[in-house]
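To keep things clear, I will list the structure first and then write my remarks on it.
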Amino acid sequence: MNRHAGQSREGAHWAVVALPYAWLLVLFALPFAIVAVISFGEAAPDRAPPVALTGTVRNYTFLFTDPLYVSAYLGSLRIAAISTMFCLLLGYPIAYAIARAPARWRPALLAAIVLPFWTSFLIRVYAWKGILSENGLLNGFLRWSGLASDPGTLIGTEWAIYFGIVYAYLPFMVLPLYATLEKLDGSLLEAAADLGATPARAFLTVTLPLSLPGVVAGCLLVFIPAVGEFIIPDMLGGTETLMIGKVLWDEFFANGDWPLASAVATLMLALLAVPIALFQRLGAARPH
Amino acid sequence: MAGARSRFLLAALAFGYAFLYVPIVSVIVYSFNDSRLVTVWGGFSLRWWRELARNEAMIDAALLSLRIALVSAIGATILGTMAGFALARHGRFRGRALFAGLVAAPMVMPEVIMGVSMLLLFVGLERLFGGPERGFPTIVLAHVTFAAAYVALVVQSRLADFDRSLEEAAMDLGARPATVFRTITLPLIAPAVISGWLLAFTLSLDDLILTQFVAGPESQTLPMAVYSSIRMGLNPQINVVATIVVGLATVALVLSSLLTGRGTGSHAPK
């Protein structure tokens with residue numbers, strides 16, 4: 001390679017990294033620092049923006065002592081964890097079945113999993129609002145099939161939120177699972193079978209361990225955003241199920257308390273720091 | 001293959017797809033419902049389609065959303081392609097771990113957190129520099145930032161699928177880096193870039209939370225209009241909007257799979 005090409009290659013290298021790097025630092029990372037600073041302020045409704053930077057820790061002592069906020073944080077973590085588990089239980093067989101399907105069907109099967117993700121999130125949650133309502137499809141089906149003559153209403157309960165999260169995030173679970181299961185070397189399973197392993201044993205000792213990276217990636221892709229979910233608890237949940245994303249939204253838009261909303265966000269980010277770091281390690285490790 | 005196992009897998013697929021599609025189909029079917037109640041079937045009718053066609057607020061919101069999506073998808077594609085390229089083709093560089101983290105994080109970051117933080121950034125910039133004005137520009141900046149993560153993922157995984165020997169061979173034969181990029185790398189990643197654009201476009205078109213935070217008082221995008229309409233109760237016009245969105249998304253996805261499918265097809269073992 002001649003020297004000139006080497007130099008311009010260096011220049012192009014530099015720009016390809018530097019531009020997105022700078023963009024993300026300014027528009028993605030820097031704002032978190034601003035939020036952290038504002039969280040030590042107080043609401044000042046007569047100002048624009050409505051913030052007085054007083055350096056108080058009042059917002060945090062409030063978050064840690066107010067039962068409503070404490071239960072909203074804990075409730076979000078619990079709901080996200082349970083939904084992630086349901087998502088995995090439903091998503092794994094689907095991903096496995098697609099990976100084992102004839103190769104020429106796989107793109108179409110996969111596209112059918114991804115299609116709902118391309119359509120509007122809001123509208124998919126809206127669909128469940130209709131399905132789970134008093135006279136919705138689900139109750140209609142239960143009455144028609146005779147499974148329950150007087151089913152209760154799911155809308156407004158925690159179960160409605162589970163349905164919503166599993167439904168909305170299922171593609172995020174299936175895709176990474178499929179990616180690891182598809183790469184799985186079939187000869188390993190054949191070897192296991194030749195050595196006398198039953199299909200169940202081969203699955204537990206070969207397939208499942210080898211697909212663990214996909215399991216972890218899928219669970220993180222569902223769990224992390226689900227903790228901060230707003231649309232689903234807002235549209236499907238009731239007044240009793242508090243999730244922190246909705247609390248933050250109300251604090252910001254209804255109460256106009258920007259510093260308290262910032263403290264809520266900062267604490268949520270702190271809670272999610274470990275799963276996010278784990279997710280990023282997976283991402284950083286991927287190409288190599 | 002054991003019969004019981006394939007039956008189980010078939011059942012899993014059937015249940016999975018029913019779970020995914022029954023809600024969408026029900027929303028579409030009820031867009032043709034004559035009843036005002038969205039849960040009671042009152043016969044076939046196009047009345048809600050006609051009413052939506054006269055709903056100027058909703059149409060204006062849709063046009064604004066389309067404009068935002070067009071612009072932010074271009075921005076996200078440029079930024080995301082660079083980021084995906086940097087991650088797939090640059091071995092080690094200083095700050096790589098942080099960079100990879102920053103690229104991937106918007107995919108999982110709860111949107112309410114991103115929303116608050118971006119709004120506070122824009123408020124700060126407005127105080128310091130008098131801009132950008134809240135509305136179209138800030139919405140585009142926010143959408144570019146979060147959609148670029150998805151484009152980067154698509155491009156990066158596409159590049160990771162190809163070994164570098166083609167590029168290296170061209171360089172060994174004396175091709176300049178710009179030529180290598182134009183004649184080899186770009187054609188290889190073009191399908192991924194285009195499907196990344198389509199994905200960024202649909203993500204922007206659909207975003208509610210980030211938009212609600214960073215939009216000024218005057219801009220109302222389609223999701224914002226849909227959301228405020230749903231808050232007032234189930235509304236059959238929303239079913240019509242949903243049907244149109246599902247139709248558009250299907251077209252976008254089919255285009256995208258045709259592109260990526262054809263791209264990989266030519267390299268697949270015969």
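Ligands are numbered from 1 in the order shown, chains are lettered A, B, ... in the order of the structure tokens, and residues start at 1 in each chain.
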
Just list the residues in stretch 20-203 of chain A DSSP gives alpha helix (DSSP H) on the backbone, as a PyMOL selection string.
chain A and resi 20-24+30-38+58-65+67-100+106-118+121-131+137-145+158-183+186-194+199-202

Next, dump the selected residues to file, keeping only C-alpha atoms, as a compact mmCIF listing (two decimals), in the first residue's frame.
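What follows is the written file again.txt:
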```
# COMPACT_ATOMS: atom_id res chain seq x y z
CA PRO A 20 -21.01 9.29 15.46
CA TYR A 21 -18.90 9.36 18.62
CA ALA A 22 -19.24 13.12 18.98
CA TRP A 23 -22.95 13.01 18.11
CA LEU A 24 -23.70 10.37 20.74
CA LEU A 30 -24.26 14.69 27.96
CA PRO A 31 -28.04 14.90 28.62
CA PHE A 32 -27.72 12.32 31.41
CA ALA A 33 -25.21 14.60 33.13
CA ILE A 34 -27.67 17.48 32.80
CA VAL A 35 -30.46 15.36 34.27
CA ALA A 36 -28.22 14.41 37.17
CA VAL A 37 -27.46 18.09 37.86
CA ILE A 38 -31.10 19.21 37.59
CA ARG A 58 -34.55 16.76 48.95
CA ASN A 59 -35.75 14.97 45.81
CA TYR A 60 -33.75 11.88 46.65
CA THR A 61 -34.74 11.70 50.31
CA PHE A 62 -38.32 12.03 49.08
CA LEU A 63 -37.92 9.18 46.57
CA PHE A 64 -36.43 6.88 49.18
CA THR A 65 -38.98 7.61 51.88
CA PRO A 67 -44.06 4.74 49.90
CA LEU A 68 -45.60 5.53 46.51
CA TYR A 69 -42.23 5.97 44.80
CA VAL A 70 -40.61 3.03 46.56
CA SER A 71 -43.43 0.72 45.51
CA ALA A 72 -43.39 2.12 41.96
CA TYR A 73 -39.68 1.24 41.62
CA LEU A 74 -40.09 -2.20 43.13
CA GLY A 75 -43.28 -2.83 41.16
CA SER A 76 -41.58 -1.92 37.88
CA LEU A 77 -38.69 -4.27 38.54
CA ARG A 78 -41.07 -7.09 39.47
CA ILE A 79 -43.42 -6.57 36.53
CA ALA A 80 -40.50 -6.32 34.09
CA ALA A 81 -38.91 -9.49 35.48
CA ILE A 82 -42.13 -11.52 35.32
CA SER A 83 -42.91 -10.28 31.80
CA THR A 84 -39.37 -11.12 30.67
CA MET A 85 -39.81 -14.66 31.96
CA PHE A 86 -43.11 -15.11 30.11
CA CYS A 87 -41.51 -13.66 27.00
CA LEU A 88 -38.66 -16.18 27.20
CA LEU A 89 -41.05 -19.11 27.74
CA LEU A 90 -43.07 -18.10 24.70
CA GLY A 91 -40.18 -16.89 22.56
CA TYR A 92 -37.77 -19.81 22.94
CA PRO A 93 -39.98 -22.48 21.30
CA ILE A 94 -40.83 -20.04 18.50
CA ALA A 95 -37.18 -19.18 17.84
CA TYR A 96 -36.24 -22.86 18.03
CA ALA A 97 -38.99 -23.89 15.62
CA ILE A 98 -37.95 -21.21 13.11
CA ALA A 99 -34.29 -22.23 13.35
CA ARG A 100 -35.27 -25.86 12.67
CA ARG A 106 -36.97 -19.17 7.53
CA PRO A 107 -36.81 -15.65 6.03
CA ALA A 108 -40.61 -15.51 5.74
CA LEU A 109 -41.17 -16.95 9.22
CA LEU A 110 -38.70 -14.45 10.63
CA ALA A 111 -40.26 -11.55 8.75
CA ALA A 112 -43.63 -12.50 10.24
CA ILE A 113 -42.11 -12.19 13.73
CA VAL A 114 -40.57 -8.83 12.92
CA LEU A 115 -43.58 -7.33 11.13
CA PRO A 116 -45.50 -6.39 14.30
CA PHE A 117 -42.39 -4.55 15.50
CA TRP A 118 -42.49 -2.46 12.31
CA PHE A 121 -46.16 0.19 19.18
CA LEU A 122 -48.95 2.49 20.30
CA ILE A 123 -51.48 0.81 18.05
CA ARG A 124 -50.48 -2.67 19.13
CA VAL A 125 -51.07 -1.72 22.74
CA TYR A 126 -54.35 -0.09 21.71
CA ALA A 127 -55.37 -3.43 20.17
CA TRP A 128 -54.98 -5.11 23.56
CA LYS A 129 -57.08 -2.40 25.19
CA GLY A 130 -59.95 -3.62 23.02
CA ILE A 131 -59.19 -7.34 23.39
CA LEU A 137 -62.39 -10.64 22.15
CA LEU A 138 -60.79 -12.53 25.03
CA ASN A 139 -63.90 -12.58 27.22
CA GLY A 140 -66.02 -13.30 24.15
CA PHE A 141 -63.84 -16.31 23.41
CA LEU A 142 -63.94 -17.51 27.02
CA ARG A 143 -67.75 -17.31 27.11
CA TRP A 144 -68.18 -18.86 23.66
CA SER A 145 -65.86 -21.76 24.42
CA GLU A 158 -51.30 -6.34 36.36
CA TRP A 159 -52.12 -9.23 34.02
CA ALA A 160 -53.09 -6.79 31.32
CA ILE A 161 -49.63 -5.25 31.66
CA TYR A 162 -47.99 -8.67 31.32
CA PHE A 163 -49.97 -9.33 28.17
CA GLY A 164 -48.99 -5.95 26.78
CA ILE A 165 -45.27 -6.26 27.54
CA VAL A 166 -44.95 -9.85 26.30
CA TYR A 167 -46.81 -8.95 23.14
CA ALA A 168 -44.94 -5.73 22.42
CA TYR A 169 -41.46 -7.09 23.18
CA LEU A 170 -41.71 -10.64 21.83
CA PRO A 171 -39.75 -9.86 18.61
CA PHE A 172 -36.85 -8.57 20.75
CA MET A 173 -36.75 -11.93 22.50
CA VAL A 174 -37.14 -14.12 19.41
CA LEU A 175 -34.52 -12.41 17.21
CA PRO A 176 -31.40 -12.88 19.40
CA LEU A 177 -32.56 -16.40 20.33
CA TYR A 178 -32.97 -17.26 16.67
CA ALA A 179 -29.56 -15.80 15.86
CA THR A 180 -27.80 -18.14 18.28
CA LEU A 181 -29.99 -21.16 17.55
CA GLU A 182 -29.58 -20.79 13.81
CA LYS A 183 -25.78 -20.79 14.05
CA GLY A 186 -26.26 -29.45 13.61
CA SER A 187 -23.43 -31.97 13.71
CA LEU A 188 -23.13 -31.45 17.49
CA LEU A 189 -26.71 -32.64 17.91
CA GLU A 190 -26.10 -35.55 15.54
CA ALA A 191 -23.02 -36.49 17.55
CA ALA A 192 -25.07 -36.35 20.74
CA ALA A 193 -27.73 -38.56 19.15
CA ASP A 194 -25.12 -41.00 17.82
CA PRO A 199 -33.55 -35.54 22.12
CA ALA A 200 -34.45 -34.05 25.52
CA ARG A 201 -30.98 -34.71 26.87
CA ALA A 202 -29.33 -33.39 23.73
```

Stretch 45-54 of chain A surroundings by only C-alpha atoms, 8 Å radius, close-in-sequence under 2 positions cut, as number ranges by chain
A: 38, 40-43, 56, 256-259; B: 123

Just all heavy atoms for this one: save the residues we selected as a short mmCIF file (atom, residue, chain, number, x, y, z; two decimals), in the first residue's frame.
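Generated output (out_15.cif):
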```cif
data_model
loop_
_atom_site.label_atom_id
_atom_site.label_comp_id
_atom_site.auth_asym_id
_atom_site.auth_seq_id
_atom_site.Cartn_x
_atom_site.Cartn_y
_atom_site.Cartn_z
N ILE A 38 -29.77 18.63 37.32
CA ILE A 38 -31.10 19.21 37.59
C ILE A 38 -31.79 18.48 38.74
O ILE A 38 -32.59 19.05 39.47
CB ILE A 38 -31.99 19.13 36.32
CG1 ILE A 38 -31.35 19.86 35.15
CG2 ILE A 38 -33.39 19.69 36.59
CD1 ILE A 38 -31.37 21.34 35.21
N PHE A 40 -30.77 17.77 41.46
CA PHE A 40 -30.44 18.39 42.75
C PHE A 40 -31.02 19.80 42.85
O PHE A 40 -30.57 20.62 43.63
CB PHE A 40 -28.92 18.43 42.97
CG PHE A 40 -28.33 17.06 43.13
CD1 PHE A 40 -27.66 16.45 42.08
CD2 PHE A 40 -28.46 16.38 44.33
CE1 PHE A 40 -27.13 15.19 42.22
CE2 PHE A 40 -27.93 15.11 44.48
CZ PHE A 40 -27.27 14.51 43.42
N GLY A 41 -32.04 20.08 42.03
CA GLY A 41 -32.67 21.40 42.08
C GLY A 41 -34.07 21.31 42.66
O GLY A 41 -34.51 20.28 43.15
N GLU A 42 -34.76 22.46 42.57
CA GLU A 42 -36.13 22.51 43.06
C GLU A 42 -37.03 23.07 41.96
O GLU A 42 -36.58 23.87 41.13
CB GLU A 42 -36.22 23.42 44.29
CG GLU A 42 -35.82 22.72 45.57
CD GLU A 42 -35.78 23.69 46.73
OE1 GLU A 42 -36.86 24.17 47.12
OE2 GLU A 42 -34.67 23.99 47.21
N ALA A 43 -38.28 22.67 41.99
CA ALA A 43 -39.23 23.19 41.02
C ALA A 43 -39.48 24.68 41.29
O ALA A 43 -39.62 25.09 42.43
CB ALA A 43 -40.54 22.42 41.09
N THR A 56 -30.01 20.89 46.46
CA THR A 56 -30.64 20.15 47.54
C THR A 56 -30.71 18.66 47.21
O THR A 56 -30.73 18.28 46.04
CB THR A 56 -32.06 20.68 47.78
OG1 THR A 56 -32.70 19.83 48.73
CG2 THR A 56 -32.90 20.66 46.52
N GLY A 256 -45.39 19.17 36.47
CA GLY A 256 -44.39 20.15 36.04
C GLY A 256 -43.18 20.23 36.95
O GLY A 256 -42.48 21.23 36.97
N ASP A 257 -42.95 19.15 37.72
CA ASP A 257 -41.80 19.16 38.63
C ASP A 257 -40.60 18.54 37.92
O ASP A 257 -40.33 17.34 38.03
CB ASP A 257 -42.14 18.39 39.92
CG ASP A 257 -41.12 18.64 41.02
OD1 ASP A 257 -39.96 18.99 40.67
OD2 ASP A 257 -41.47 18.51 42.18
N TRP A 258 -39.87 19.35 37.18
CA TRP A 258 -38.73 18.85 36.40
C TRP A 258 -37.63 18.27 37.27
O TRP A 258 -37.10 17.20 36.96
CB TRP A 258 -38.17 19.96 35.48
CG TRP A 258 -39.10 20.36 34.38
CD1 TRP A 258 -40.45 20.16 34.33
CD2 TRP A 258 -38.76 21.03 33.17
NE1 TRP A 258 -40.96 20.67 33.17
CE2 TRP A 258 -39.95 21.21 32.44
CE3 TRP A 258 -37.54 21.49 32.65
CZ2 TRP A 258 -39.97 21.85 31.20
CZ3 TRP A 258 -37.56 22.13 31.40
CH2 TRP A 258 -38.76 22.29 30.68
N PRO A 259 -37.25 18.94 38.37
CA PRO A 259 -36.17 18.35 39.19
C PRO A 259 -36.56 16.99 39.78
O PRO A 259 -35.73 16.07 39.77
CB PRO A 259 -35.98 19.40 40.30
CG PRO A 259 -36.44 20.66 39.68
CD PRO A 259 -37.60 20.30 38.81
N VAL B 123 -33.39 22.49 26.19
CA VAL B 123 -33.70 23.70 26.95
C VAL B 123 -32.40 24.44 27.27
O VAL B 123 -32.31 25.66 27.14
CB VAL B 123 -34.48 23.34 28.24
CG1 VAL B 123 -34.56 24.55 29.16
CG2 VAL B 123 -35.87 22.85 27.90
#
```

Excluding same-chain residues fewer than 6 positions from B:Ser228, what lies within 12 Å of it counting only C-alpha atoms, as a PyMOL selection string?
(chain A and resi 122+231+235) or (chain B and resi 57-58+61+208+212+220-222+234-235+238)

Find the residue from B:Arg182, B:Arg176, B:Arg36, B:Arg7 that sits nearest to chain A; use only C-alpha atoms when measuring.
B:Arg176

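Across the model, the gap from atom CA of A:Glu229 to atom CA of A:Gly245 is 5.4 Å.
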
Pick out each residue of stretch 13-245 of chain A that DSSP on the backbone tags as strand (DSSP E or B); I need them as an NGL selection string.
:A and (42-43 or 51-52 or 156 or 237)

Expected file: the selected residues, N, CA, C and O atoms, as a PDB file, in the first residue's frame:
```pdb
ATOM      1  N   GLU A  42     -34.756  22.459  42.571  1.00  0.00           N
ATOM      2  CA  GLU A  42     -36.132  22.508  43.055  1.00  0.00           C
ATOM      3  C   GLU A  42     -37.026  23.068  41.961  1.00  0.00           C
ATOM      4  O   GLU A  42     -36.579  23.865  41.134  1.00  0.00           O
ATOM      5  N   ALA A  43     -38.284  22.671  41.993  1.00  0.00           N
ATOM      6  CA  ALA A  43     -39.235  23.190  41.017  1.00  0.00           C
ATOM      7  C   ALA A  43     -39.478  24.678  41.291  1.00  0.00           C
ATOM      8  O   ALA A  43     -39.619  25.093  42.433  1.00  0.00           O
ATOM      9  N   VAL A  51     -37.046  25.629  36.931  1.00  0.00           N
ATOM     10  CA  VAL A  51     -36.055  24.944  37.756  1.00  0.00           C
ATOM     11  C   VAL A  51     -35.240  25.966  38.519  1.00  0.00           C
ATOM     12  O   VAL A  51     -34.830  26.986  37.960  1.00  0.00           O
ATOM     13  N   ALA A  52     -35.003  25.715  39.801  1.00  0.00           N
ATOM     14  CA  ALA A  52     -34.053  26.504  40.568  1.00  0.00           C
ATOM     15  C   ALA A  52     -32.962  25.562  41.064  1.00  0.00           C
ATOM     16  O   ALA A  52     -33.261  24.585  41.754  1.00  0.00           O
ATOM     17  N   GLY A 156     -56.853  -3.066  33.310  1.00  0.00           N
ATOM     18  CA  GLY A 156     -56.679  -2.384  34.586  1.00  0.00           C
ATOM     19  C   GLY A 156     -55.979  -3.228  35.630  1.00  0.00           C
ATOM     20  O   GLY A 156     -55.706  -2.767  36.727  1.00  0.00           O
ATOM     21  N   GLY A 237     -52.895  -0.674  32.285  1.00  0.00           N
ATOM     22  CA  GLY A 237     -52.870  -0.850  33.732  1.00  0.00           C
ATOM     23  C   GLY A 237     -53.944  -0.026  34.417  1.00  0.00           C
ATOM     24  O   GLY A 237     -54.579   0.830  33.817  1.00  0.00           O
TER      25      GLY A 237
END
```

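Pairwise distance (atom CA of B:Val226, atom CA of A:Met268) equals 27.7 Å.
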
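Between chain B and the candidates A:Ala265, A:Val216, A:Leu236, A:Ala197, the tightest atom-to-atom separation, counting only C-alpha atoms, involves A:Ala265.
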
Exercise: B:Met114 partners within 12 Å, only C-alpha atoms, chain neighbours under 6 positions left out, as a PyMOL selection string:
(chain A and resi 27-35+225+228+245+248-249+262+265-266+268-269) or (chain B and resi 105-108+120-121+142-143+145-146+209-214)

9 Å contact set for B:Phe136, only C-alpha atoms, chain neighbours under 2 positions out, as a ChimeraX atom specification
/B:64,67-68,133-134,138-141,215-216,219

For B:Ala73, find every residue with an atom within 6 Å (counting only C-alpha atoms), except residues of its own chain fewer than 3 positions away, and show them as a JSON list (two decimals) with N, CA and C atoms, in the first residue's frame.
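Output saved as out-v9.json:
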```json
[["chain", "number", "residue", "atom", "x", "y", "z"],
["B", 69, "ALA", "N", -40.18, 11.84, 9.69],
["B", 69, "ALA", "CA", -39.62, 10.50, 9.47],
["B", 69, "ALA", "C", -38.68, 10.48, 8.28],
["B", 70, "LEU", "N", -39.05, 11.19, 7.19],
["B", 70, "LEU", "CA", -38.19, 11.24, 6.01],
["B", 70, "LEU", "C", -36.82, 11.81, 6.37],
["B", 76, "ALA", "N", -30.38, 9.30, 10.48],
["B", 76, "ALA", "CA", -30.06, 8.09, 11.25],
["B", 76, "ALA", "C", -29.29, 7.10, 10.40],
["B", 77, "THR", "N", -29.60, 7.05, 9.10],
["B", 77, "THR", "CA", -28.91, 6.11, 8.23],
["B", 77, "THR", "C", -27.44, 6.49, 8.06],
["B", 197, "TRP", "N", -32.59, 2.30, 6.67],
["B", 197, "TRP", "CA", -33.35, 3.53, 6.44],
["B", 197, "TRP", "C", -34.84, 3.27, 6.65],
["B", 200, "ALA", "N", -35.50, 2.92, 10.35],
["B", 200, "ALA", "CA", -35.45, 4.22, 11.01],
["B", 200, "ALA", "C", -36.69, 5.04, 10.69],
["B", 201, "PHE", "N", -37.16, 4.94, 9.45],
["B", 201, "PHE", "CA", -38.35, 5.67, 9.03],
["B", 201, "PHE", "C", -39.57, 5.23, 9.85]]
```

Would you please work out which residue, of A:Leu220, A:Ala270, A:Leu195, A:Ile155, is nearest to chain B when using only C-alpha atoms?
A:Leu220
